[in-house]
Structures are given as structure tokens and as C-alpha cells.
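Data block for upload-v6.cif (mmCIF, C-alpha atoms):
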data_data
loop_
_atom_site.label_atom_id
_atom_site.label_comp_id
_atom_site.auth_asym_id
_atom_site.auth_seq_id
_atom_site.Cartn_x
_atom_site.Cartn_y
_atom_site.Cartn_z
CA MET A 1258 0.00 0.00 0.00
CA ASP A 1259 1.34 3.45 -0.98
CA THR A 1260 1.66 5.72 2.06
CA LEU A 1261 1.04 9.46 1.57
CA GLY A 1262 2.01 9.16 -2.05
CA THR A 1263 5.63 8.38 -1.30
CA GLY A 1264 5.64 5.03 -3.00
CA THR A 1265 6.97 3.33 0.14
CA VAL A 1266 5.31 0.74 2.28
CA PRO A 1267 5.79 1.39 6.02
CA ASP A 1268 7.30 -1.25 8.28
CA TRP A 1269 4.44 -1.45 10.74
CA SER A 1270 6.43 -3.64 13.14
CA VAL A 1271 9.05 -0.90 13.55
CA ILE A 1272 6.39 1.76 13.98
CA GLU A 1273 4.55 -0.31 16.54
CA GLY A 1274 7.85 -0.98 18.33
CA ARG A 1275 8.46 2.74 18.61
CA ARG A 1276 4.98 3.27 19.98
CA ARG A 1277 5.29 0.51 22.56
CA HIS A 1278 8.88 1.20 23.61
CA PRO A 1279 9.71 4.82 22.69
CA TRP A 1280 12.44 4.91 25.34
CA ARG A 1281 14.34 2.21 23.45
CA TRP A 1282 14.27 4.20 20.27
CA VAL A 1283 15.37 7.36 22.07
CA SER A 1284 18.14 5.42 23.85
CA GLY A 1285 19.39 4.09 20.53
CA VAL A 1286 19.46 7.55 18.95
CA LEU A 1287 21.26 9.11 21.93
CA GLY A 1288 23.71 6.21 22.04
CA ALA A 1289 24.45 6.59 18.33
CA LEU A 1290 25.07 10.33 18.72
CA LEU A 1291 27.50 9.78 21.61
CA LEU A 1292 29.36 7.01 19.83
CA ALA A 1293 29.56 9.04 16.63
CA GLY A 1294 31.08 12.01 18.44
CA VAL A 1295 33.66 9.89 20.24
CA SER A 1296 34.45 8.00 17.03
CA VAL A 1297 35.31 11.22 15.19
CA VAL A 1298 37.82 12.27 17.84
CA VAL A 1299 39.34 8.82 18.37
CA GLY A 1300 39.41 8.33 14.60
CA CYS A 1301 41.55 11.47 14.25
CA ARG A 1302 43.84 10.12 16.97
CA ALA A 1303 44.17 6.83 15.10
CA ALA A 1304 44.83 8.71 11.84
CA ASP A 1305 47.57 10.78 13.55
CA SER A 1306 45.65 13.98 12.84
CA ASP A 1307 44.50 16.85 15.05
CA GLY A 1308 41.54 17.59 12.81
CA VAL A 1309 39.60 20.84 13.12
CA THR A 1310 37.54 22.38 15.91
CA PRO A 1311 36.29 20.80 18.14
CA VAL A 1312 38.68 17.85 17.63
CA PRO A 1313 41.95 19.52 18.84
CA GLN A 1314 40.20 20.72 21.99
CA ALA A 1315 38.63 17.31 22.67
CA LEU A 1316 41.88 15.44 22.02
CA ALA A 1317 43.46 17.19 25.00
CA PHE A 1318 41.07 15.23 27.23
CA LEU A 1319 41.14 11.93 25.32
CA PRO A 1320 41.01 9.57 28.37
CA TRP A 1321 37.75 11.22 29.41
CA LEU A 1322 36.15 10.11 26.13
CA LEU A 1323 35.76 6.76 27.88
CA VAL A 1324 32.83 8.36 29.75
CA PRO A 1325 30.62 9.29 26.74
CA GLY A 1326 31.81 6.11 25.01
CA GLY A 1327 30.65 4.04 27.97
CA ALA A 1328 27.36 5.95 28.08
CA GLY A 1329 26.85 5.26 24.37
CA LEU A 1330 27.41 1.55 24.97
CA ALA A 1331 25.03 1.53 27.93
CA LEU A 1332 22.32 3.27 25.90
CA SER A 1333 22.81 0.77 23.08
CA VAL A 1334 22.33 -2.08 25.54
CA LEU A 1335 19.21 -0.37 26.89
CA ALA A 1336 17.89 -0.03 23.34
CA ARG A 1337 18.81 -3.66 22.56
CA TRP A 1338 20.68 -2.33 19.52
CA ARG A 1339 23.27 -4.97 18.65
CA THR A 1340 25.15 -2.85 16.15
CA GLY A 1341 25.47 -0.13 18.76
CA MET A 1342 26.75 -2.65 21.31
CA VAL A 1343 29.51 -3.80 18.98
CA TRP A 1344 30.28 -0.21 18.04
CA GLY A 1345 30.45 0.82 21.70
CA VAL A 1346 32.82 -2.01 22.64
CA ALA A 1347 35.08 -1.13 19.70
CA VAL A 1348 35.11 2.58 20.63
CA LEU A 1349 36.01 1.82 24.24
CA ALA A 1350 38.75 -0.61 23.21
CA VAL A 1351 40.38 1.85 20.81
CA THR A 1352 40.07 4.77 23.24
CA GLY A 1353 41.55 2.67 26.03
CA TRP A 1354 44.45 1.67 23.80
CA TYR A 1355 45.34 5.31 23.16
CA THR A 1356 45.35 6.21 26.85
CA GLN A 1357 48.69 4.39 27.13
CA PRO A 1358 51.82 6.53 27.62
CA TYR A 1359 53.49 7.71 24.43
CA GLY A 1360 57.20 7.75 23.75
CA ALA A 1361 60.28 6.09 25.19
CA ALA A 1362 60.09 5.01 28.82
CA VAL A 1363 63.84 5.40 29.48
CA THR A 1364 66.92 7.15 28.15
CA ARG A 1365 70.33 5.50 28.03
CA PRO A 1366 72.98 8.20 27.89
CA GLY A 1367 76.59 7.14 27.50
CA GLY A 1368 79.66 8.20 29.41
CA ALA A 1369 80.07 9.48 32.94
CA ILE A 1370 77.71 11.81 34.77
CA LEU A 1371 78.85 15.41 34.38
CA ALA A 1372 76.28 17.24 36.48
CA GLU A 1373 72.94 16.92 38.25
CA PHE A 1374 70.57 19.87 38.39
CA GLU A 1375 66.88 20.86 38.53
CA VAL A 1376 64.69 22.55 35.95
CA LEU A 1377 61.47 24.42 36.78
CA THR A 1378 58.86 25.59 34.30
CA SER A 1379 55.83 27.67 35.26
CA ASN A 1380 53.09 29.53 33.40
CA THR A 1381 52.17 32.36 35.78
CA GLU A 1382 48.96 33.31 33.88
CA PHE A 1383 49.56 36.97 33.03
CA GLY A 1384 51.98 37.18 35.97
CA TRP A 1385 49.26 36.66 38.57
CA ALA A 1386 51.18 33.75 40.19
CA THR A 1387 54.47 35.66 40.41
CA ASP A 1388 54.50 35.80 44.21
CA ASP A 1389 54.00 32.05 44.54
CA LEU A 1390 56.55 31.41 41.79
CA ILE A 1391 59.18 33.43 43.66
CA ALA A 1392 58.37 31.59 46.90
CA THR A 1393 58.67 28.27 45.07
CA VAL A 1394 62.00 29.22 43.51
CA ARG A 1395 63.36 30.25 46.91
CA ARG A 1396 62.20 26.98 48.46
CA GLU A 1397 63.16 24.53 45.71
CA LYS A 1398 66.25 26.36 44.39
CA PRO A 1399 66.08 25.07 40.80
CA ASP A 1400 69.11 25.71 38.61
CA LEU A 1401 67.14 26.64 35.49
CA VAL A 1402 63.82 28.47 35.58
CA PHE A 1403 61.51 28.91 32.58
CA VAL A 1404 58.63 31.35 33.04
CA GLU A 1405 55.75 31.73 30.59
CA GLU A 1406 53.23 34.60 30.58
CA CYS A 1407 55.70 36.74 32.52
CA SER A 1408 54.08 40.19 32.39
CA PHE A 1409 55.81 43.48 33.20
CA ARG A 1410 54.94 42.99 36.87
CA CYS A 1411 56.40 39.47 36.76
CA ALA A 1412 59.63 40.63 35.12
CA ASP A 1413 60.04 43.47 37.61
CA ALA A 1414 59.39 41.17 40.59
CA LEU A 1415 61.90 38.58 39.38
CA ALA A 1416 64.53 41.30 39.04
CA ALA A 1417 63.80 42.78 42.46
CA GLU A 1418 63.22 39.68 44.58
CA LEU A 1419 65.51 36.99 43.12
CA PRO A 1420 69.08 38.24 43.67
CA LYS A 1421 71.60 38.22 40.86
CA ALA A 1422 73.83 36.23 43.21
CA ASP A 1423 71.31 33.35 42.96
CA TYR A 1424 70.55 33.69 39.24
CA PRO A 1425 73.31 35.72 37.63
CA TYR A 1426 72.37 34.74 34.07
CA ARG A 1427 69.00 35.80 32.63
CA ASP A 1428 67.16 36.19 29.35
CA VAL A 1429 63.96 38.15 29.98
CA VAL A 1430 61.59 39.18 27.18
CA ARG A 1431 59.66 42.15 28.56
CA GLU A 1432 56.16 42.03 27.14
CA ASP A 1433 52.86 42.56 28.91
CA GLY A 1434 50.13 40.01 29.48
CA SER A 1435 50.77 36.54 28.14
CA ALA A 1436 53.50 37.54 25.67
CA GLY A 1437 56.38 37.94 28.12
CA SER A 1438 58.80 35.13 29.02
CA ALA A 1439 61.92 34.64 31.12
CA ILE A 1440 64.80 32.20 31.53
CA LEU A 1441 66.83 32.35 34.77
CA SER A 1442 70.01 30.33 35.12
CA ARG A 1443 72.73 29.54 37.63
CA PHE A 1444 74.90 28.46 34.70
CA PRO A 1445 76.61 30.75 32.18
CA LEU A 1446 74.08 31.56 29.49
CA ARG A 1447 74.41 32.78 25.91
CA ALA A 1448 71.24 33.93 24.21
CA THR A 1449 70.41 32.44 20.80
CA GLU A 1450 67.86 33.18 18.12
CA PRO A 1451 64.32 32.73 19.54
CA ILE A 1452 61.61 30.69 17.87
CA ALA A 1453 59.23 33.08 16.10
CA SER A 1454 55.90 33.18 17.94
CA VAL A 1455 53.10 35.40 19.21
CA MET A 1456 54.14 34.72 22.82
CA ALA A 1457 57.90 34.96 23.34
CA MET A 1458 59.92 31.72 23.04
CA PRO A 1459 63.54 32.67 23.86
CA GLY A 1460 66.40 30.20 23.68
CA ALA A 1461 69.97 30.02 24.92
CA VAL A 1462 73.07 27.90 25.38
CA VAL A 1463 74.16 27.13 28.94
CA THR A 1464 77.45 25.60 30.03
CA VAL A 1465 76.88 22.71 32.45
CA GLY A 1466 79.61 20.39 33.68
CA GLY A 1467 81.92 21.76 31.01
CA ARG A 1468 79.46 20.93 28.24
CA ASP A 1469 77.20 23.22 26.19
CA VAL A 1470 73.49 22.51 26.51
CA ARG A 1471 70.93 24.08 24.18
CA ILE A 1472 67.87 25.23 26.13
CA GLN A 1473 64.60 26.49 24.71
CA LEU A 1474 61.42 27.91 26.24
CA ALA A 1475 58.22 26.66 24.59
CA HIS A 1476 54.95 28.60 24.55
CA PRO A 1477 53.12 28.21 21.24
CA SER A 1478 49.70 29.77 20.77
CA PRO A 1479 46.77 27.67 22.06
CA PRO A 1480 44.38 25.87 19.65
CA LEU A 1481 41.56 28.38 20.00
CA PRO A 1482 38.24 27.16 18.52
CA GLY A 1483 38.15 27.96 14.84
CA ASP A 1484 41.63 29.53 14.95
CA GLU A 1485 44.15 26.72 15.21
CA GLY A 1486 46.42 28.06 12.48
CA LYS A 1487 48.96 29.80 14.75
CA TRP A 1488 49.02 26.76 17.06
CA ARG A 1489 49.87 24.46 14.15
CA GLN A 1490 52.48 26.85 12.79
CA GLU A 1491 54.26 27.51 16.08
CA LEU A 1492 54.27 23.89 17.28
CA GLY A 1493 55.58 23.05 13.83
CA ARG A 1494 58.46 25.45 14.47
CA VAL A 1495 59.18 23.68 17.76
CA ARG A 1496 59.29 20.41 15.82
CA GLU A 1497 61.70 21.88 13.29
CA PHE A 1498 63.85 23.15 16.13
CA ALA A 1499 63.97 19.63 17.59
CA ARG A 1500 65.08 18.24 14.23
CA ALA A 1501 67.77 20.89 13.89
CA VAL A 1502 69.35 20.19 17.30
CA LYS A 1503 69.16 16.40 17.16
CA GLY A 1504 72.37 14.90 18.50
CA GLN A 1505 73.06 17.78 20.90
CA PRO A 1506 72.30 18.02 24.65
CA VAL A 1507 68.93 19.83 24.67
CA ILE A 1508 66.22 20.86 27.13
CA VAL A 1509 62.89 22.30 25.94
CA ALA A 1510 60.54 23.40 28.71
CA GLY A 1511 57.30 25.32 28.96
CA ASP A 1512 53.60 25.42 28.22
CA PHE A 1513 53.23 23.57 24.92
CA ASN A 1514 49.44 24.00 24.79
CA ALA A 1515 49.39 20.36 23.63
CA SER A 1516 49.24 16.92 25.20
CA GLN A 1517 50.55 13.53 24.14
CA ASP A 1518 47.23 12.97 22.38
CA HIS A 1519 47.91 15.76 19.88
CA ALA A 1520 49.63 14.68 16.68
CA LEU A 1521 51.64 17.90 16.61
CA PHE A 1522 53.15 17.24 20.04
CA ARG A 1523 53.88 13.63 19.16
CA SER A 1524 55.63 14.84 16.01
CA VAL A 1525 58.05 16.76 18.24
CA LEU A 1526 58.85 13.55 20.12
CA ASP A 1527 58.97 11.56 16.90
CA THR A 1528 61.99 13.53 15.71
CA GLY A 1529 63.91 11.27 18.11
CA ALA A 1530 65.71 14.26 19.61
CA LEU A 1531 63.61 14.71 22.74
CA HIS A 1532 61.88 12.70 25.47
CA ASP A 1533 59.12 13.75 27.85
CA SER A 1534 60.35 13.85 31.46
CA ALA A 1535 56.89 13.06 32.84
CA ARG A 1536 56.75 9.94 30.69
CA LEU A 1537 60.25 8.95 31.83
CA THR A 1538 59.09 9.10 35.47
CA GLY A 1539 55.76 7.31 34.97
CA GLN A 1540 53.61 10.46 35.10
CA SER A 1541 52.44 10.82 31.53
CA ARG A 1542 48.83 11.32 32.65
CA ALA A 1543 49.48 13.66 35.59
CA TYR A 1544 47.58 16.87 34.93
CA SER A 1545 49.05 20.36 34.68
CA TRP A 1546 46.00 22.32 33.42
CA PRO A 1547 43.52 23.60 34.46
CA ALA A 1548 44.71 23.73 38.05
CA ASP A 1549 42.56 26.58 39.41
CA ARG A 1550 39.13 24.95 39.27
CA THR A 1551 37.46 21.78 40.47
CA THR A 1552 36.86 19.82 37.31
CA PRO A 1553 37.74 16.25 36.34
CA LEU A 1554 38.56 17.47 32.83
CA ARG A 1555 42.29 18.07 33.18
CA THR A 1556 45.27 17.36 31.01
CA GLN A 1557 49.06 17.68 30.81
CA ILE A 1558 50.16 20.48 28.49
CA ASP A 1559 53.22 21.67 30.45
CA HIS A 1560 56.32 19.63 29.69
CA VAL A 1561 60.07 19.40 30.16
CA LEU A 1562 61.60 17.58 27.20
CA VAL A 1563 65.19 16.35 27.32
CA SER A 1564 67.58 14.79 24.84
CA GLY A 1565 69.05 11.33 25.28
CA ASP A 1566 72.09 12.86 27.01
CA PHE A 1567 70.02 13.14 30.19
CA LYS A 1568 68.53 10.82 32.78
CA VAL A 1569 65.49 12.10 34.63
CA SER A 1570 65.36 11.03 38.28
CA SER A 1571 62.22 12.88 39.37
CA ALA A 1572 59.40 15.07 38.09
CA ARG A 1573 56.99 16.91 40.39
CA PHE A 1574 53.95 19.00 39.53
CA LEU A 1575 53.58 21.89 41.97
CA THR A 1576 50.45 23.97 42.65
CA LEU A 1577 50.90 27.74 42.58
CA ARG A 1578 48.20 30.19 43.60
CA GLY A 1579 47.05 32.62 40.95
CA THR A 1580 47.55 30.48 37.85
CA ASP A 1581 45.59 27.83 36.00
CA HIS A 1582 48.80 25.82 35.41
CA ARG A 1583 50.76 23.63 37.78
CA ALA A 1584 54.50 24.21 37.68
CA LEU A 1585 56.76 21.28 36.79
CA LEU A 1586 60.04 20.64 38.63
CA VAL A 1587 62.37 18.06 37.08
CA ARG A 1588 65.69 16.69 38.32
CA VAL A 1589 68.06 15.60 35.57
CA GLY A 1590 71.55 14.19 35.23
CA LEU A 1591 73.73 15.16 32.26
CA TYR A 1592 76.06 12.48 30.91
CA GLY A 1593 78.89 12.65 28.43
CA GLY A 1594 82.15 11.12 27.31
#
Please go through the file and, once you have read it, give me the structure as C-alpha cells.
Amino acid sequence: MDTLGTGTVPDWSVIEGRRRHPWRWVSGVLGALLLAGVSVVVGCRAADSDGVTPVPQALAFLPWLLVPGGAGLALSVLARWRTGMVWGVAVLAVTGWYTQPYGAAVTRPGGAILAEFEVLTSNTEFGWATDDLIATVRREKPDLVFVEECSFRCADALAAELPKADYPYRDVVREDGSAGSAILSRFPLRATEPIASVMAMPGAVVTVGGRDVRIQLAHPSPPLPGDEGKWRQELGRVREFARAVKGQPVIVAGDFNASQDHALFRSVLDTGALHDSARLTGQSRAYSWPADRTTPLRTQIDHVLVSGDFKVSSARFLTLRGTDHRALLVRVGLYGG
């Protein structure tokens, strides 16, 4: 029988099923929507792509996709939708696989140990956490300090309250708001060409244990919704830097605005020049942002990357008041022949 002139014959069993059990139909639709959304993000992860908004933003919280994936599976079970059940199990399995740590678990530097020292990186969020940063530096006494979003107030406070006797070597880029950055060092420091960026990314060479070490502050633009171009470009420059210095002792520290679940960040590690200190100490899923609010949605976007010339003995994430980032303090040993 033709229905409403469409030339199609309705499946009355399906229609009756919807009438008798509308909640099953609704559950199936909701489950499909959840599984589809998770599949897009996890599919980009599997394809080694960061996609476009909202994929880069969602990738930062990839382990949490297990929650909507699990809900999609539960709704499929409730709807008695077999295809959805299989789909849900597959989504959870693939998502779970990608929650594993990425990159080498150890470094094996050759030669004798030349020096042991500590590296601190902290995003002070427009300089608002400067007071806590200074207190932390006084307490922990790191040998190298990388500061992102070091505003004019931050730069002035570092100059006034951290004596030159403690940090005689400095490279401070005086910019207001989030654009300013600073490197403080106990070791002799020679400034080098910075990486071009909206927010300052200075670099230098320090002499440690009689050996030159290339150090670099990282602070690429964030992947703002609908405006990921600068993020891709500046993280790409960090990757090119890593390729250029491969084979040298190198430390890159800062707010990368990217996690291990972003293809761009993995591409930095995939150069083979650098290793993530948090991964090397079993903390690849410890969060660093956001640290100023009570939310389960947190991720690690602050990193200290080291070349294979180093062994990392500890990595600690420290809470500072006034910033949405936790600072990262890493103890390293430099080896050489």
C-alpha cells in the first residue's frame, strides 16, 4: 500500500515498536550520537591527525572520552541495539588503547655523569602567580627556571626579589600580558635566536659540567576554537627546532598547549631528539592544566623535554596560587664522554 504518495510501504512492526517502547528508540538515537562524536575524535587520533575544531580541543582530554563512550554503549544495551553494542565495545577498546603513555620510557645516555641539576617551568597566567613562583624558587632552588606569561609585573618582581647572586644569568623578554617570558640560570648563558611566535619563546646555550646545553622555552599559541592556524604553525616550528638540534644536549621546557594525544606534540617527540620527562618518570597522565578549578577534565600540556644525554630522576607537579597551570620541577643528570 502506498503511504502518503511516497511510493513506500511502512514497516508497521518498527512503527509499533516505537509506539510501545519509545524509550528504546530514544536510547538508541542518543547512544548513536554519543558514539559518533567519540568515534570522530578517536578516529583522528588513530589517523595521527589533530583535525579541526572541536577535535583539537577534545583530544586534550582523550582519556575522558571513555565516559561518553561508555554511556553510548550503555544506551545501546538499553535499546537492545546490537550494532550499537559492537560499536560501543570497539570505541572503548580503541580509546583505552590510546590512553597508554606515548614515547620512550627510558633514556640511556653514555659516558660518565657530568652534572645533576633541577629545571622548573611555570606559566604564571599573566603574571598573577608571580609571588607564589618566587616563593617556590626560593624553596626549591632550581638551577634553570623557565617562566611563561611573565608580564611586566612578573619581570620586575623577578629582578627585584631573586638576587643576581642566585641567578646571575638571565634572558627576559619584557612584554605585557601573556607575551612575556623569562629564563633564569645559575649556569653561564648565551642567548640564541628565539623561535618566532606570538608569545615569546627565547632560547639560549648554557654551560653545564663543562658541556654546552641548548635550552629552549616553549609557549606556542593555544588551539583556540576555529583559529588553530597559529598553534599548528608555532608547534611546527618547535618540531623543526627539535630536528635541527638532534644529536646535541637539549632541554625544551614550557607550556606547549598540547598533550601527548595531539599529533603535533607527538611529532616533536617523533623527531627522536627529545623525550618527555613526565613519561620517563611514569607520570604521563598527571595533569598540569587547568589547576585553578574543580573539574575532572584536566590534562598535561606543560612539559620538560630532554635529549638522550640526560637521565630524569624525578618530576613533580607543583600547585601555585594565581595560575591555572601547575608548575613542573624536574631533576636531571647530564652524561657525556
Using the chain letters and numbers from the file, give me the residues hit by the PyMOL selection byres ((chain A and resi 1459) around 10), as an mmCIF file with C-alpha atoms, keeping the file's coordinate frame.
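Saved the output as out-v5.cif:
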data_model
loop_
_atom_site.group_PDB
_atom_site.id
_atom_site.type_symbol
_atom_site.label_atom_id
_atom_site.label_comp_id
_atom_site.auth_asym_id
_atom_site.auth_seq_id
_atom_site.Cartn_x
_atom_site.Cartn_y
_atom_site.Cartn_z
ATOM 1 C CA PHE A 1403 61.510 28.910 32.580
ATOM 2 C CA ASP A 1428 67.160 36.190 29.350
ATOM 3 C CA VAL A 1429 63.960 38.150 29.980
ATOM 4 C CA VAL A 1430 61.590 39.180 27.180
ATOM 5 C CA GLY A 1437 56.380 37.940 28.120
ATOM 6 C CA SER A 1438 58.800 35.130 29.020
ATOM 7 C CA ALA A 1439 61.920 34.640 31.120
ATOM 8 C CA ILE A 1440 64.800 32.200 31.530
ATOM 9 C CA ALA A 1448 71.240 33.930 24.210
ATOM 10 C CA THR A 1449 70.410 32.440 20.800
ATOM 11 C CA GLU A 1450 67.860 33.180 18.120
ATOM 12 C CA PRO A 1451 64.320 32.730 19.540
ATOM 13 C CA ILE A 1452 61.610 30.690 17.870
ATOM 14 C CA ALA A 1453 59.230 33.080 16.100
ATOM 15 C CA SER A 1454 55.900 33.180 17.940
ATOM 16 C CA MET A 1456 54.140 34.720 22.820
ATOM 17 C CA ALA A 1457 57.900 34.960 23.340
ATOM 18 C CA MET A 1458 59.920 31.720 23.040
ATOM 19 C CA GLY A 1460 66.400 30.200 23.680
ATOM 20 C CA ALA A 1461 69.970 30.020 24.920
ATOM 21 C CA ILE A 1472 67.870 25.230 26.130
ATOM 22 C CA GLN A 1473 64.600 26.490 24.710
ATOM 23 C CA LEU A 1474 61.420 27.910 26.240
ATOM 24 C CA ALA A 1475 58.220 26.660 24.590
ATOM 25 C CA HIS A 1476 54.950 28.600 24.550
#
(request) Take the PyMOL selection byres ((chain A and resi 1369-1372) around 8), apply it to the structure above, and return the hits as a list in words. (result) Gly1367, Gly1368, Glu1373, Phe1374, Val1465, Gly1466, Gly1467, Gly1590, Leu1591, Tyr1592, Gly1593 and Gly1594 of chain A
Answer key for the PyMOL selection byres ((chain A and resi 1384) around 10), residues as a compact mmCIF listing (two decimals) with C-alpha atoms, in the frame of the given file:
# COMPACT_ATOMS: atom_id res chain seq x y z
CA ASN A 1380 53.09 29.53 33.40
CA THR A 1381 52.17 32.36 35.78
CA GLU A 1382 48.96 33.31 33.88
CA PHE A 1383 49.56 36.97 33.03
CA TRP A 1385 49.26 36.66 38.57
CA ALA A 1386 51.18 33.75 40.19
CA THR A 1387 54.47 35.66 40.41
CA ASP A 1388 54.50 35.80 44.21
CA LEU A 1390 56.55 31.41 41.79
CA VAL A 1404 58.63 31.35 33.04
CA GLU A 1405 55.75 31.73 30.59
CA GLU A 1406 53.23 34.60 30.58
CA CYS A 1407 55.70 36.74 32.52
CA SER A 1408 54.08 40.19 32.39
CA PHE A 1409 55.81 43.48 33.20
CA ARG A 1410 54.94 42.99 36.87
CA CYS A 1411 56.40 39.47 36.76
CA ALA A 1412 59.63 40.63 35.12
CA ALA A 1414 59.39 41.17 40.59
CA ASP A 1433 52.86 42.56 28.91
CA GLY A 1434 50.13 40.01 29.48
CA SER A 1435 50.77 36.54 28.14
CA GLY A 1437 56.38 37.94 28.12
CA SER A 1438 58.80 35.13 29.02
CA GLY A 1579 47.05 32.62 40.95
CA THR A 1580 47.55 30.48 37.85
(message) Please compute the atom CA of Arg1523 of chain A-atom CA of Leu1316 of chain A distance, one decimal, in Å.
(response)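 One can read the atom CA of Arg1523 of chain A to atom CA of Leu1316 of chain A distance as 12.5 Å.
Of the residues under consideration (A:Val1394, A:Val1312, A:Leu1330, A:Ala1304), A:Leu1330 shows the shortest atom-to-atom contact distance to Ala1347 of chain A when counting only C-alpha atoms.
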Can you list every residue of segment 1504-1525 of chain A that has an atom at most 10 Å from segment 1541-1551 of chain A, with its nearest atom pair and the distance in Å to one decimal, using only C-alpha atoms, ordered by chain then number, as CSV?
residue,atom,partner,partner_atom,distance
A:Asp1512,CA,A:Ser1545,CA,9.4
A:Asn1514,CA,A:Trp1546,CA,9.4
A:Ser1516,CA,A:Arg1542,CA,9.3
A:Gln1517,CA,A:Ser1541,CA,8.1
(message) For a test of reading the model, state the distance in Å between atom CA of Gly1511 of chain A and atom CA of Thr1378 of chain A, rounded to one decimal.
(response)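 So the answer is 5.6 Å.
Proximity to Arg1339 of chain A was assessed for A:Gly1285, A:Leu1554, A:Val1463, A:Val1455 counting only C-alpha atoms; the smallest distance is recorded for A:Gly1285.
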(message) Just want the 6 Å neighbourhood of Val1561 of chain A, counted on all atoms listed in the file, with same-chain residues fewer than 2 positions away dropped. Output as a ChimeraX atom specification.
(response) /A:1509-1510,1534
